[in-house]
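Written below as C-alpha cells is the structure these notes are about.
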Amino acid sequence: MVLANTRTALTGLIISFALVLAACDSNEPKEKKTGQALVSVNGKEVTMLQLNEEIKRANVRPEQYEAASKQLLESLIVRQLILDEAVHNKLDRTPDVMQARDRANAQVIAQAYMQGIVSKIAKPTQAEIDEYFQKHPEFFSQRKQFDLITVRVATKDLSSELKKTIDAAKSVDQVVTWLDKNKVPYVRSLASRSSTDLPPQMAKMLQEKSKDTIFIVNEQENSLLISVNAIKDSPITLAAAAPQIERFLLNQKYKEATDAEVTRLRAAAKIEYLNAKAPESSAADKPVVPQAAPNADNATNNLNLTEPTSNGSIERGIMGLK
C-alpha cells in the first residue's frame, strides 16, 4: 500500500488543478510537451516527465514505485480532464485565475534565482560543527529530558476560579479533581521533551521551578497546563548530533545568503512607495524571501535534535506562571 504522503499527493493533484489552470492561457500557442507520451487525453499528452515529477514530489519509496506510478498517472489523467473542462468554460481567463497565474510564474522564477544563490554555499566544515557542539552544551553534553504531565482545556474555561485553583494546587491531580467536580472538559496526557525541543527560556524555567509548579501555555482557543513529572540527564554525543548540526548550520547559511542578496537588490533598486506607506526600517530589514532550498525554513535559533514534536503547543510560548 502506498504511504499517506503519496495519498496526500494524489488529492493535491486534483485540489491544486487551479494552479495548473493558472499557468495555462488558451490564447497562447501550445507547445508540444517534452518526454515520452504515456496517455493521450482528448488529444493532450500526459508524459513520463510529468509522471516522474509527481513521483518525486510524493517522495515515493522504491518498493512503492509501481503502485504509486499507477495511482499518480490516473491522477494526472483526472487533472487533465478537469483542466480541459475548465478551459472549455473559459475559467482560464477569469481575473482570479490570471492573477494566480502571474503570481505562480513570479514565484517559480524567484525561487529559481534564489536556488542559484544558495547552490554556491559550501557545507559546514567539521571544525564549524565541532565549534557549535562545544558552544552549546545545553543542547548536547548537558541536554535534559523533561517528562511532562499536560492537561488541555478550552481557553474560555480558564476562569478566574480555575486560575485560583491552579495557584493553590500542589499537583496537577488537584487541578484535575477540580475540573471533574465542575464538569470542565479536558484532555490529560503525558509528553517527553528535551531541552533542544523547547525555547531556551521555557527549558530554563522548567528546570528551575519545582515539580509543584504548573505552567500555563496559551494556544489561543485552547490552553495547556503543564507540570514537570521528572527531569533526566539526556546527553548526546558529537557523532550523533553532527548530521543535524550540519543541516542547522547550512540552513543558517542559506538564510544569511538570501537576506544578503535581498539587501543588495534593495540597495541597487529604485523603490518608490506610491499608494502605500513605506515600512519601518526594521520591517524592511526582515524581508519575506522565497524558499530557495529544501529545509531552508528550518533555520531557527532552536536546534531540534530529536523527533519532530507532535504537541506543537509547547513551542508557542508561556502565557504565565502560576
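Naming scheme: A, B, ... for chains in displayed order of the C-alpha cells; residues 1 onward per chain; ligands 1 onward as shown.
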Practice prompt. Report the residues of range 68-152 of chain A whose backbone DSSP state falls under strand (DSSP E), written as a PyMOL selection string.
Written response: chain A and resi 144-152
Practice prompt. Just list the residues in range 89-276 of chain A DSSP gives alpha helix (DSSP H) on the backbone, as a count of residues only.
Written response: 93
Worksheet item: Hey, which of A:Ser194, A:Gln107, A:Gln36, A:Ser227 ends up closest to Leu148 in chain A? Count only C-alpha atoms.
Response: A:Ser227
Worksheet item: Out of A:Glu45, A:Asn105, A:Ser195, A:Ile121, which residue has the shortest atom-to-atom distance to Lys232 in chain A when counting only C-alpha atoms?
Response: A:Ser195
Worksheet item: Quick one: residues within 10 Å of Leu38 in chain A, only C-alpha atoms counted, chain neighbours fewer than 5 positions away excluded, as number ranges by chain?
Response: A: 45-51, 73
Residues from last step as file, C-alpha atoms, as a PDB file, in the first residue's frame:
ATOM      1  CA  GLU A  45      -0.407  14.127 -23.855  1.00  0.00           C
ATOM      2  CA  VAL A  46       0.461  13.033 -20.333  1.00  0.00           C
ATOM      3  CA  THR A  47       4.181  12.332 -20.398  1.00  0.00           C
ATOM      4  CA  MET A  48       6.723  10.346 -18.456  1.00  0.00           C
ATOM      5  CA  LEU A  49       8.385  13.622 -17.492  1.00  0.00           C
ATOM      6  CA  GLN A  50       5.182  14.777 -15.773  1.00  0.00           C
ATOM      7  CA  LEU A  51       4.770  11.444 -14.010  1.00  0.00           C
ATOM      8  CA  LEU A  73      -0.788   8.533 -13.574  1.00  0.00           C
TER       9      LEU A  73
END
Using only C-alpha atoms, tabulate the residues of range 217-292 of chain A lying at most 12 Å from any atom of range 158-171 of chain A, each with its closest atom pair and that distance in Å to one decimal, by chain and increasing residue number, as CSV.
residue,atom,partner,partner_atom,distance
A:Val217,CA,A:Leu158,CA,11.4
A:Asn218,CA,A:Leu158,CA,10.5
A:Glu219,CA,A:Leu158,CA,11.9
A:Gln220,CA,A:Leu158,CA,11.5
A:Glu221,CA,A:Leu158,CA,10.6
A:Asn222,CA,A:Leu158,CA,9.1
A:Ser223,CA,A:Leu158,CA,7.8
A:Leu224,CA,A:Leu158,CA,10.1
A:Leu225,CA,A:Ile166,CA,9.0
A:Ile226,CA,A:Ser171,CA,10.3
A:Ser227,CA,A:Ser171,CA,7.7
A:Val228,CA,A:Ser171,CA,9.7
A:Asn229,CA,A:Ser171,CA,9.7
Worksheet item: Which one of A:Ala100, A:Leu250, A:Ile216, A:Ala230 sits closest to Ser192 in chain A if you count only C-alpha atoms?
Response: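 Among the listed residues, the smallest separation from Ser192 in chain A belongs to A:Ala230.
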Fill in: Residue with smallest distance to Glu138 in chain A - pool A:Ala203, A:Leu274, A:Ala37, A:Ala241, counting only C-alpha atoms
A:Ala203
Item to complete: Considering only C-alpha atoms, state which residue in the set A:Phe146, A:Tyr132, A:Phe215, A:Tyr273 is at the smallest distance from Ile245 in chain A.
Response: A:Tyr132
